[in-house]
Structures are given as structure tokens and as C-alpha cells.
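Below is entry.txt, holding compact mmCIF, C-alpha atoms and all ligand atoms.
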# COMPACT_ATOMS: atom_id res chain seq x y z
CA MET I 20 -15.95 169.98 287.33
CA ALA I 21 -16.80 166.54 285.92
CA LEU I 22 -13.18 166.20 284.90
CA ILE I 23 -11.96 166.92 288.41
CA TYR I 24 -14.49 164.50 289.81
CA TYR I 25 -13.26 161.82 287.47
CA ALA I 26 -9.62 162.55 288.18
CA GLU I 27 -10.40 162.05 291.85
CA SER I 28 -12.22 158.81 291.12
CA ILE I 29 -9.17 157.60 289.20
CA LYS I 30 -6.98 158.46 292.17
CA ALA I 31 -9.26 156.42 294.36
CA LEU I 32 -8.83 153.50 291.97
CA ALA I 33 -5.15 153.39 292.74
CA ASP I 34 -6.08 152.30 296.26
CA TYR I 35 -8.69 149.83 295.03
CA PRO I 36 -7.25 148.24 291.91
CA THR I 37 -10.12 145.79 291.56
CA ALA I 38 -12.78 148.51 291.56
CA PRO I 39 -14.99 148.18 288.47
CA LEU I 40 -15.37 151.90 287.71
CA VAL I 41 -13.33 153.38 284.87
CA ALA I 42 -15.25 156.42 283.76
CA PRO I 43 -18.17 158.16 285.45
CA ARG I 44 -21.37 157.56 283.48
CA PRO I 45 -24.26 160.00 283.53
CA ASP I 46 -26.41 157.33 285.14
CA ASP I 47 -23.62 156.20 287.46
CA LYS I 48 -23.51 152.76 285.85
CA PRO I 49 -20.10 151.16 286.14
CA ALA I 50 -18.02 150.91 282.98
CA ALA I 51 -17.17 147.49 281.59
CA LEU I 52 -13.45 147.53 282.24
CA PRO I 53 -11.24 148.57 285.15
CA LEU I 54 -8.51 151.02 284.26
CA SER I 55 -5.83 148.31 284.22
CA ALA I 56 -7.88 146.41 281.62
CA VAL I 57 -8.19 149.57 279.51
CA HIS I 58 -4.40 149.83 279.63
CA GLU I 59 -4.09 146.22 278.59
CA ALA I 60 -6.66 146.44 275.79
CA LEU I 61 -4.95 149.43 274.24
CA ALA I 62 -1.49 147.86 274.55
CA THR I 63 -2.73 144.76 272.72
CA TRP I 64 -4.38 146.87 270.05
CA PHE I 65 -1.20 148.92 269.60
CA GLU I 66 0.89 145.79 269.22
CA ALA I 67 -1.29 144.65 266.31
CA ASN I 68 -2.15 147.97 264.67
CA ALA I 69 0.58 150.55 265.25
CA ARG I 70 2.10 152.06 262.14
CA ASP I 71 5.62 150.95 261.35
CA LEU I 72 7.33 154.33 261.64
CA PRO I 73 11.14 154.64 261.54
CA TRP I 74 11.36 156.79 264.67
CA ARG I 75 9.67 153.94 266.56
CA ALA I 76 12.30 151.40 265.50
CA ALA I 77 14.50 150.01 268.27
CA GLU I 78 17.61 151.24 266.46
CA CYS I 79 16.35 154.83 266.15
CA THR I 80 18.56 157.18 268.16
CA PRO I 81 17.29 159.79 270.63
CA TRP I 82 18.33 162.41 268.06
CA GLY I 83 16.06 160.71 265.49
CA VAL I 84 13.20 160.76 267.99
CA LEU I 85 13.79 164.43 268.82
CA VAL I 86 13.84 165.39 265.12
CA SER I 87 10.63 163.44 264.52
CA GLU I 88 8.84 165.03 267.46
CA ILE I 89 9.70 168.56 266.30
CA MET I 90 8.71 167.80 262.70
CA LEU I 91 5.44 166.13 263.72
CA GLN I 92 4.29 169.04 265.87
CA GLN I 93 2.26 170.65 263.10
CA THR I 94 2.81 168.40 260.10
CA PRO I 95 1.21 165.04 259.20
CA VAL I 96 3.27 161.83 259.28
CA VAL I 97 3.09 161.28 255.53
CA ARG I 98 4.78 164.62 254.82
CA VAL I 99 7.31 164.24 257.61
CA LEU I 100 8.58 160.78 256.59
CA PRO I 101 10.73 161.68 253.52
CA VAL I 102 12.12 164.83 255.12
CA TRP I 103 12.95 163.02 258.37
CA GLU I 104 14.75 160.28 256.45
CA GLU I 105 16.78 162.82 254.49
CA TRP I 106 17.68 164.76 257.66
CA LEU I 107 18.84 161.64 259.48
CA ARG I 108 20.82 160.47 256.45
CA ARG I 109 22.53 163.84 256.18
CA TRP I 110 22.83 164.66 259.87
CA PRO I 111 22.84 161.37 261.83
CA GLU I 112 24.14 163.11 264.98
CA PRO I 113 23.41 166.56 266.42
CA ALA I 114 27.05 167.56 265.79
CA ASP I 115 26.60 166.95 262.04
CA LEU I 116 23.80 169.49 261.91
CA ALA I 117 25.50 171.92 264.28
CA ARG I 118 28.51 172.12 261.94
CA GLU I 119 26.36 173.46 259.09
CA PRO I 120 24.93 176.98 258.76
CA ALA I 121 21.40 177.31 260.14
CA GLY I 122 20.22 178.20 256.63
CA GLU I 123 20.96 174.64 255.51
CA ALA I 124 18.52 173.35 258.10
CA VAL I 125 15.85 175.69 256.74
CA ARG I 126 16.63 174.63 253.17
CA ALA I 127 16.37 170.95 254.09
CA TRP I 128 13.11 171.59 255.93
CA GLY I 129 11.41 171.60 252.53
CA ARG I 130 7.69 172.17 252.62
CA LEU I 131 7.00 170.97 256.16
CA GLY I 132 5.75 174.43 257.09
CA TYR I 133 6.51 176.60 260.11
CA PRO I 134 10.21 176.69 259.12
CA ARG I 135 11.17 178.37 262.39
CA ARG I 136 11.22 174.80 263.71
CA ALA I 137 14.27 174.09 261.52
CA LEU I 138 16.13 177.00 263.09
CA ARG I 139 15.22 175.75 266.55
CA LEU I 140 16.38 172.23 265.77
CA HIS I 141 19.66 173.67 264.57
CA ALA I 142 19.94 175.70 267.79
CA ALA I 143 19.13 172.55 269.79
CA ALA I 144 21.88 170.66 267.97
CA VAL I 145 24.36 173.43 268.85
CA ALA I 146 23.23 173.40 272.51
CA ILE I 147 23.51 169.60 272.68
CA GLY I 148 27.10 169.90 271.48
CA ALA I 149 27.89 172.72 273.91
CA ASN I 150 26.20 171.35 277.02
CA HIS I 151 25.73 167.58 276.63
CA GLU I 152 28.85 166.34 274.84
CA GLY I 153 26.92 165.84 271.62
CA LYS I 154 24.32 163.46 273.08
CA VAL I 155 20.63 164.25 273.42
CA PRO I 156 19.98 164.54 277.18
CA GLY I 157 17.67 161.93 278.65
CA THR I 158 15.67 163.69 281.34
CA TYR I 159 12.63 165.94 281.10
CA PRO I 160 14.24 169.01 282.75
CA GLU I 161 17.35 168.79 280.56
CA LEU I 162 15.30 168.35 277.40
CA LEU I 163 13.08 171.27 278.36
CA GLU I 164 16.11 173.55 278.35
CA LEU I 165 16.90 172.87 274.70
CA PRO I 166 15.85 175.58 272.23
CA GLY I 167 12.46 174.84 270.68
CA VAL I 168 11.62 172.04 273.11
CA GLY I 169 8.41 172.58 275.05
CA SER I 170 6.80 170.44 277.72
CA TYR I 171 5.14 168.06 275.23
CA THR I 172 8.33 167.43 273.26
CA ALA I 173 10.45 167.02 276.39
CA ALA I 174 8.02 164.45 277.81
CA ALA I 175 7.69 162.62 274.48
CA VAL I 176 11.45 162.33 273.92
CA ALA I 177 12.05 161.26 277.54
CA ALA I 178 9.35 158.59 277.16
CA PHE I 179 9.91 157.32 273.63
CA ALA I 180 13.69 157.69 273.31
CA PHE I 181 14.69 156.92 276.91
CA GLY I 182 11.82 154.76 278.15
CA ARG I 183 10.94 157.06 281.04
CA ARG I 184 7.57 157.36 282.77
CA GLU I 185 6.33 160.78 281.65
CA THR I 186 2.90 162.29 281.17
CA VAL I 187 2.74 162.87 277.43
CA VAL I 188 -0.17 165.02 276.30
CA ASP I 189 -0.58 165.96 272.66
CA THR I 190 -3.65 166.81 270.58
CA ASN I 191 -4.54 163.18 269.90
CA ILE I 192 -4.12 162.13 273.51
CA ARG I 193 -6.22 165.05 274.75
CA ARG I 194 -9.05 164.07 272.38
CA VAL I 195 -9.01 160.40 273.42
CA HIS I 196 -8.92 161.32 277.11
CA ALA I 197 -11.81 163.76 276.64
CA ARG I 198 -13.99 161.10 275.03
CA LEU I 199 -12.91 157.96 276.82
CA PHE I 200 -12.74 159.34 280.35
CA SER I 201 -14.66 162.62 280.43
CA GLY I 202 -17.51 161.96 277.99
CA ALA I 203 -16.84 165.10 275.96
CA ALA I 204 -16.67 165.17 272.16
CA LEU I 205 -13.62 167.40 272.25
CA PRO I 206 -11.10 168.51 274.86
CA SER I 207 -11.22 172.08 276.13
CA GLN I 208 -10.00 174.69 273.70
CA SER I 209 -6.66 174.98 275.46
CA LEU I 210 -4.79 172.56 277.68
CA ASN I 211 -5.65 173.06 281.35
CA ALA I 212 -4.48 171.77 284.71
CA ALA I 213 -7.39 169.36 285.11
CA GLU I 214 -6.49 167.62 281.84
CA MET I 215 -2.88 167.28 282.95
CA ARG I 216 -4.02 165.81 286.28
CA LEU I 217 -6.27 163.33 284.51
CA ALA I 218 -3.45 162.32 282.16
CA ALA I 219 -1.08 161.85 285.10
CA GLN I 220 -3.59 159.82 287.08
CA THR I 221 -4.50 157.49 284.22
CA LEU I 222 -0.84 156.78 283.41
CA PRO I 223 0.17 153.22 284.40
CA ASP I 224 2.55 153.03 287.35
CA ASP I 225 4.82 150.53 285.67
CA VAL I 226 7.43 152.32 283.55
CA GLY I 227 7.22 150.04 280.51
CA SER I 228 3.43 150.09 280.55
CA SER I 229 3.43 153.88 280.81
CA VAL I 230 5.52 154.19 277.64
CA ARG I 231 3.18 151.80 275.80
CA TRP I 232 0.13 153.66 277.12
CA ASN I 233 1.41 157.02 275.87
CA ALA I 234 2.18 155.58 272.45
CA SER I 235 -1.05 153.61 272.16
CA VAL I 236 -3.37 156.44 273.20
CA MET I 237 -1.61 158.71 270.74
CA GLU I 238 -1.96 156.11 267.97
CA LEU I 239 -5.62 155.49 268.80
CA GLY I 240 -6.24 159.23 268.42
CA ALA I 241 -4.44 159.27 265.07
CA LEU I 242 -6.06 156.17 263.56
CA VAL I 243 -9.39 155.46 265.28
CA CYS I 244 -10.55 158.19 267.63
CA THR I 245 -10.06 160.86 265.01
CA ALA I 246 -11.27 164.44 265.33
CA ARG I 247 -14.06 164.42 262.77
CA SER I 248 -15.24 160.81 262.56
CA PRO I 249 -14.21 158.42 265.32
CA LYS I 250 -14.42 154.77 264.26
CA CYS I 251 -15.97 153.56 267.48
CA ARG I 252 -16.83 150.13 266.07
CA GLU I 253 -13.13 149.47 265.63
CA CYS I 254 -12.16 150.86 269.00
CA PRO I 255 -10.67 148.39 271.50
CA VAL I 256 -11.98 150.37 274.47
CA SER I 257 -15.44 151.31 273.21
CA GLY I 258 -17.03 149.34 276.06
CA SER I 259 -15.48 151.79 278.52
CA CYS I 260 -15.94 155.00 276.56
CA ALA I 261 -17.75 157.69 278.56
CA TRP I 262 -18.62 159.64 275.41
CA LEU I 263 -20.39 156.64 273.84
CA ALA I 264 -22.11 155.88 277.14
CA ALA I 265 -23.33 159.48 277.31
CA GLY I 266 -25.01 159.11 273.91
CA GLU I 267 -22.30 160.86 271.86
CA PRO I 268 -23.04 164.45 272.91
CA PRO I 269 -21.96 167.05 270.33
CA PRO I 270 -19.01 169.35 270.89
CA THR I 271 -19.68 172.50 272.88
CA TYR I 272 -17.68 174.64 270.44
CA THR I 273 -16.71 174.60 266.77
CA PRO I 274 -13.00 173.92 266.28
CA LYS I 275 -11.20 176.57 264.26
CA GLY I 276 -10.01 175.22 260.94
CA GLN I 277 -6.54 176.12 259.79
CA SER I 278 -6.98 178.27 256.71
CA TRP I 279 -4.28 178.34 254.10
CA HIS I 280 -5.40 180.14 250.95
CA GLY I 281 -5.03 183.87 251.25
CA THR I 282 -3.05 183.70 254.48
CA ASP I 283 0.37 184.84 255.52
CA ARG I 284 1.33 181.16 255.68
CA GLN I 285 0.62 180.72 252.00
CA VAL I 286 2.78 183.73 251.11
CA ARG I 287 5.52 182.58 253.47
CA GLY I 288 5.54 179.14 251.82
CA ALA I 289 5.96 180.72 248.39
CA VAL I 290 8.73 183.02 249.58
CA MET I 291 10.52 180.16 251.34
CA ALA I 292 10.38 178.07 248.15
CA VAL I 293 12.20 180.85 246.25
CA LEU I 294 14.77 181.21 249.04
CA ARG I 295 15.36 177.46 249.32
CA ALA I 296 16.10 177.21 245.61
CA ALA I 297 18.49 180.20 245.60
CA GLU I 298 22.27 179.85 245.63
CA SER I 299 22.89 183.59 246.02
CA PRO I 300 21.08 186.66 247.47
CA VAL I 301 17.54 187.02 246.14
CA ALA I 302 16.18 190.27 244.64
CA PRO I 303 13.02 191.54 246.41
CA GLU I 304 11.18 191.54 243.07
CA LEU I 305 11.51 187.77 242.89
CA LEU I 306 9.85 187.40 246.27
CA GLN I 307 7.10 189.82 245.27
CA ARG I 308 6.52 187.84 242.10
CA ALA I 309 6.14 184.66 244.18
CA ALA I 310 3.26 186.33 246.03
CA ALA I 311 1.79 187.77 242.85
CA ASP I 312 1.82 184.30 241.27
CA LEU I 313 -0.47 183.13 244.06
CA GLY I 314 -2.97 185.80 243.14
CA PHE I 315 -1.97 188.41 245.68
CA GLU I 316 -2.43 191.80 244.03
CA PRO I 317 -0.05 194.74 244.45
CA ALA I 318 -1.56 197.48 246.62
CA GLY I 319 1.01 200.25 246.75
CA SER I 320 4.03 198.78 248.49
CA GLU I 321 1.90 195.94 249.81
CA PHE I 322 -0.04 192.96 248.53
CA ARG I 323 -3.71 192.24 248.90
CA TRP I 324 -5.58 188.97 248.60
CA PRO I 325 -8.30 189.48 245.95
CA PRO I 326 -11.26 187.74 247.57
CA CYS I 327 -11.00 190.21 250.42
CA THR I 328 -13.63 189.55 253.05
CA GLY I 329 -12.08 191.38 255.94
CA SER I 330 -11.64 188.22 257.94
CA THR I 331 -9.69 185.64 255.98
CA LEU I 332 -6.20 187.11 256.06
CA PRO I 333 -4.82 187.69 259.54
CA ARG I 334 -2.52 190.63 260.10
CA SER I 335 0.72 189.43 261.55
CA SER I 336 4.45 189.74 261.13
CA TRP I 337 4.09 189.98 257.39
CA SER I 338 1.60 192.83 257.46
CA ALA I 339 4.24 195.50 256.86
CA HIS I 340 4.74 194.09 253.37
CA TRP I 341 1.81 191.79 252.68
CA ARG I 342 -1.35 193.21 254.06
CA GLY I 343 -4.71 191.54 254.22
CA CYS I 344 -8.14 193.04 254.21
S1 LIG X 1 -15.29 154.48 271.49
FE1 LIG X 1 -15.13 156.03 269.90
S2 LIG X 1 -15.07 158.00 270.97
FE2 LIG X 1 -14.67 156.39 272.49
S3 LIG X 1 -12.44 156.28 272.62
FE3 LIG X 1 -13.11 154.75 271.12
S4 LIG X 1 -13.05 155.79 269.11
FE4 LIG X 1 -12.94 157.34 270.72
Let me see the file written as C-alpha cells.
Amino acid sequence: MALIYYAESIKALADYPTAPLVAPRPDDKPAALPLSAVHEALATWFEANARDLPWRAAECTPWGVLVSEIMLQQTPVVRVLPVWEEWLRRWPEPADLAREPAGEAVRAWGRLGYPRRALRLHAAAVAIGANHEGKVPGTYPELLELPGVGSYTAAAVAAFAFGRRETVVDTNIRRVHARLFSGAALPSQSLNAAEMRLAAQTLPDDVGSSVRWNASVMELGALVCTARSPKCRECPVSGSCAWLAAGEPPPTYTPKGQSWHGTDRQVRGAVMAVLRAAESPVAPELLQRAAADLGFEPAGSEFRWPPCTGSTLPRSSWSAHWRGC
């Protein structure tokens, strides 16, 4: 409700650009900066503090941006960097990847995790060749039609590779918006329409400014307004932060951590490592040994994680062969 109220107040600001209110405070005190000044403060901060990442370079192609966005979806920058560089060296254009078997994409994915993304990138490269003459399409609807490209990725590639005004909303942006504008420690547990409206209404009208805003909010979330310990003293917009003004209220839920040990993901990583290294078909025993080496114990035709608690190992697609508690 507060979010909707704020979104409406932002809309009203568009008609009154000199209005002092940026975020609603519990005591209705005006924030220090108008929205345009918040845009400006973050753009200046970004200019001085943004990480020098190769997919942000002026010479990076739309294909390089698309590959980076898919790789970064669930993997930190530091792990993505060497794999991204190797991919772009080996497959500088979508057609270069499309010519290779999909298995090569999975092999080159290395240990980035969630290797299905490699298959989707390969499928996207094939579709780009078939439908877009080998060039990454530049509009949101066209990007959204590519295999493996969801609404976030389509908006991010349209904004960062083609300089378009798009509402980009990822995990970092959602967290910054929740704190800065809505006064909540964390965004809601899943993306909702009110968040999208707020993101759209806080986006600068000017195209160039909108691209900088998307990038700078994302970077602020990655470097300063982090999930566990926001560095508010270093924050360029702390004077306008609704969460600080509200007295830093705690989150209303406990975020789920991503477990690794004893999960299907851990087994899948071990199996993928064996498959990546293989030059010929792999015997099932080798894959079973990879799981056993992690401490998974044979249980009939299945494997069981020893510290079985009944809750740590989710049953999923692997459960036919590798069953948890
Ligand atoms: S002041 Fe703190 S909580 Fe608010 S936006 Fe900045 S880093 Fe995030």
C-alpha cells in the first residue's frame, strides 16, 4: 500500500519537477533531494566508482552484453569475468557459437553453475542467425523472443547494448528501490506489479539519463547498498533514503540462503566436471564415483547425503538417481 502511495507521489512529481518530496517519510517530512537530484547524485557517483567491466566498454558488442547478462544472472562478476573473456575470444559473434555443437557451449561454461544457461545461449545464437541475420536484435520485444531471454535480460540488453530507455529491474535494483524509496529493508519476496510501477516511475525521462540510472542503481546495490550490510555512510543518496529516515526497520522475513553442500546442485556440478573433461562417452560408474567422492553414500540404486536431516536435500529432477532424505 505504501509502495503504491509512493508510486503515485512520484507520478505527481512529474507534473511538479521542483517539488521537494522524494520519498514518503513516516513523519511526512520532506526528503532532502528532489528525484532529479537523486538521479544526478547517483550518476556522478557511478562515474567515479563504477567497476571497469569489459561488457561496459564502448567497444563491447551487443552479443558481448547479452552473454554477460546471461552469465551474471546467478553467478558473481568475479567468476564470470574469465569465462566471459574466453567465450568472446572463441565466439566473437553469435554465428561462431551457432556453428559449434551445443555441448561445446556447456563445456566452455566451466563452473559458472546452472549450465542450462549455456544451452540457452547456444539456442539464442542459432535463433539470431536464423531470424536476425546474425545480429543481436535491438528492441525489447525482439530480445524477449530469444531462447533463454526473460524480461530482465531483454530490458538490460536493450538498455546497455542499444542505449534504449527500458525499466531494468534485477535483484540489486529491487533492493535499492525498496530501501531508498519504500523504506523497507528488503523488497518483497517476489517481484510484483507495484515494484515494476515504482521502477518505471522513477526512471528518468531522458534516454541517456535512464541508461545511466539503471546502471548506477544496479552498481549501488552491488557495491554499497548490499543485502547484508549496506554501507550507508558511503552512499551518495543517504540523505534521501526512506529506510534510513524510518530508523532502519528490520526485514519482515528471513531471506532463504542458497545451500550448496548436500544438494542436487553439488552433485550436478561434480557430474558436469566429469562430462566436461571427457572426450568420449562416460561410463555411469564414473558419474556415480563423482557423487561418492563428495560423500554421497550409495543407497541401493540411489545416493544419500550422510548428514541427513530430512530438509537439506531437495527432491528434484535428480531424485530418480540421487535421492535426499
Ligand atoms: S542510505 Fe543505505 S540503505 Fe539507503 S540507499 Fe544508501 S546504502 Fe542503501
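Each of I:Gln208, I:Ser201, I:Gln285, I:Ser229 was compared to ligand LIG 1 (chain X) using all atoms listed in the file, and I:Ser201 turns out to be the nearest.
Of the listed residues I:Val168, I:Ala117, I:Ala197, I:Ala69, the one whose atoms come nearest to ligand LIG 1 (chain X) is I:Ala197, with distances taken using only C-alpha atoms and all ligand atoms.
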Judged by all atoms listed in the file, the minimum distance to ligand LIG 1 (chain X) among I:Glu238, I:Glu59, I:Glu164, I:Glu298 is found for I:Glu238
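Among the candidates I:Gln92, I:Ser207, I:Ser259, I:Ser235, the one nearest to Leu52 (chain I) when counting all atoms listed in the file is I:Ser259.
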- Task: Give as a PyMOL selection string the residues surrounding ligand LIG 1 (chain X) up to a distance of 10 Å, considering all atoms listed in the file.
- Result: chain I and resi 194-200+202-205+236+239-240+242-246+248-264+267
Dump of C-alpha atoms for the selected residues, as an mmCIF file, keeping the file's coordinate frame:
data_model
loop_
_atom_site.group_PDB
_atom_site.id
_atom_site.type_symbol
_atom_site.label_atom_id
_atom_site.label_comp_id
_atom_site.auth_asym_id
_atom_site.auth_seq_id
_atom_site.Cartn_x
_atom_site.Cartn_y
_atom_site.Cartn_z
ATOM 1 C CA ARG I 194 -9.050 164.070 272.380
ATOM 2 C CA VAL I 195 -9.010 160.400 273.420
ATOM 3 C CA HIS I 196 -8.920 161.320 277.110
ATOM 4 C CA ALA I 197 -11.810 163.760 276.640
ATOM 5 C CA ARG I 198 -13.990 161.100 275.030
ATOM 6 C CA LEU I 199 -12.910 157.960 276.820
ATOM 7 C CA PHE I 200 -12.740 159.340 280.350
ATOM 8 C CA GLY I 202 -17.510 161.960 277.990
ATOM 9 C CA ALA I 203 -16.840 165.100 275.960
ATOM 10 C CA ALA I 204 -16.670 165.170 272.160
ATOM 11 C CA LEU I 205 -13.620 167.400 272.250
ATOM 12 C CA VAL I 236 -3.370 156.440 273.200
ATOM 13 C CA LEU I 239 -5.620 155.490 268.800
ATOM 14 C CA GLY I 240 -6.240 159.230 268.420
ATOM 15 C CA LEU I 242 -6.060 156.170 263.560
ATOM 16 C CA VAL I 243 -9.390 155.460 265.280
ATOM 17 C CA CYS I 244 -10.550 158.190 267.630
ATOM 18 C CA THR I 245 -10.060 160.860 265.010
ATOM 19 C CA ALA I 246 -11.270 164.440 265.330
ATOM 20 C CA SER I 248 -15.240 160.810 262.560
ATOM 21 C CA PRO I 249 -14.210 158.420 265.320
ATOM 22 C CA LYS I 250 -14.420 154.770 264.260
ATOM 23 C CA CYS I 251 -15.970 153.560 267.480
ATOM 24 C CA ARG I 252 -16.830 150.130 266.070
ATOM 25 C CA GLU I 253 -13.130 149.470 265.630
ATOM 26 C CA CYS I 254 -12.160 150.860 269.000
ATOM 27 C CA PRO I 255 -10.670 148.390 271.500
ATOM 28 C CA VAL I 256 -11.980 150.370 274.470
ATOM 29 C CA SER I 257 -15.440 151.310 273.210
ATOM 30 C CA GLY I 258 -17.030 149.340 276.060
ATOM 31 C CA SER I 259 -15.480 151.790 278.520
ATOM 32 C CA CYS I 260 -15.940 155.000 276.560
ATOM 33 C CA ALA I 261 -17.750 157.690 278.560
ATOM 34 C CA TRP I 262 -18.620 159.640 275.410
ATOM 35 C CA LEU I 263 -20.390 156.640 273.840
ATOM 36 C CA ALA I 264 -22.110 155.880 277.140
ATOM 37 C CA GLU I 267 -22.300 160.860 271.860
#
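CA of Arg139 (chain I) is positioned 5.7 Å from CA of Pro166 (chain I).
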Restricting to only C-alpha atoms, whichever of I:Ala297, I:Val125, I:Val97, I:Leu85 is closest to Pro113 (chain I) is I:Leu85
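Checking I:Glu152, I:Glu123, I:Arg247, I:Ser299 one by one against Thr273 (chain I), counting only C-alpha atoms, you find the shortest gap at I:Arg247.
If you look at CA of Leu163 (chain I) and CA of Leu61 (chain I), they are 28.6 Å away from each other.
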Around the point (1.9, 159.9, 277.0), in the coordinates given by the file, pick out the residues reaching within 12 Å, counting all atoms listed in the file, and return them as JSON, numbers by chain. {"I": [170, 171, 172, 173, 174, 175, 176, 177, 178, 179, 182, 183, 184, 185, 186, 187, 188, 189, 190, 191, 192, 193, 195, 196, 215, 217, 218, 219, 220, 221, 222, 223, 226, 227, 228, 229, 230, 231, 232, 233, 234, 235, 236, 237, 238, 239, 240]}
Could you list, as a PyMOL selection string, every residue within 12 Å of His141 (chain I), counting all atoms listed in the file and ignoring same-chain residues fewer than 5 positions away? chain I and resi 82+85-86+89+106+110+112-128+134-136+146-148+165-168
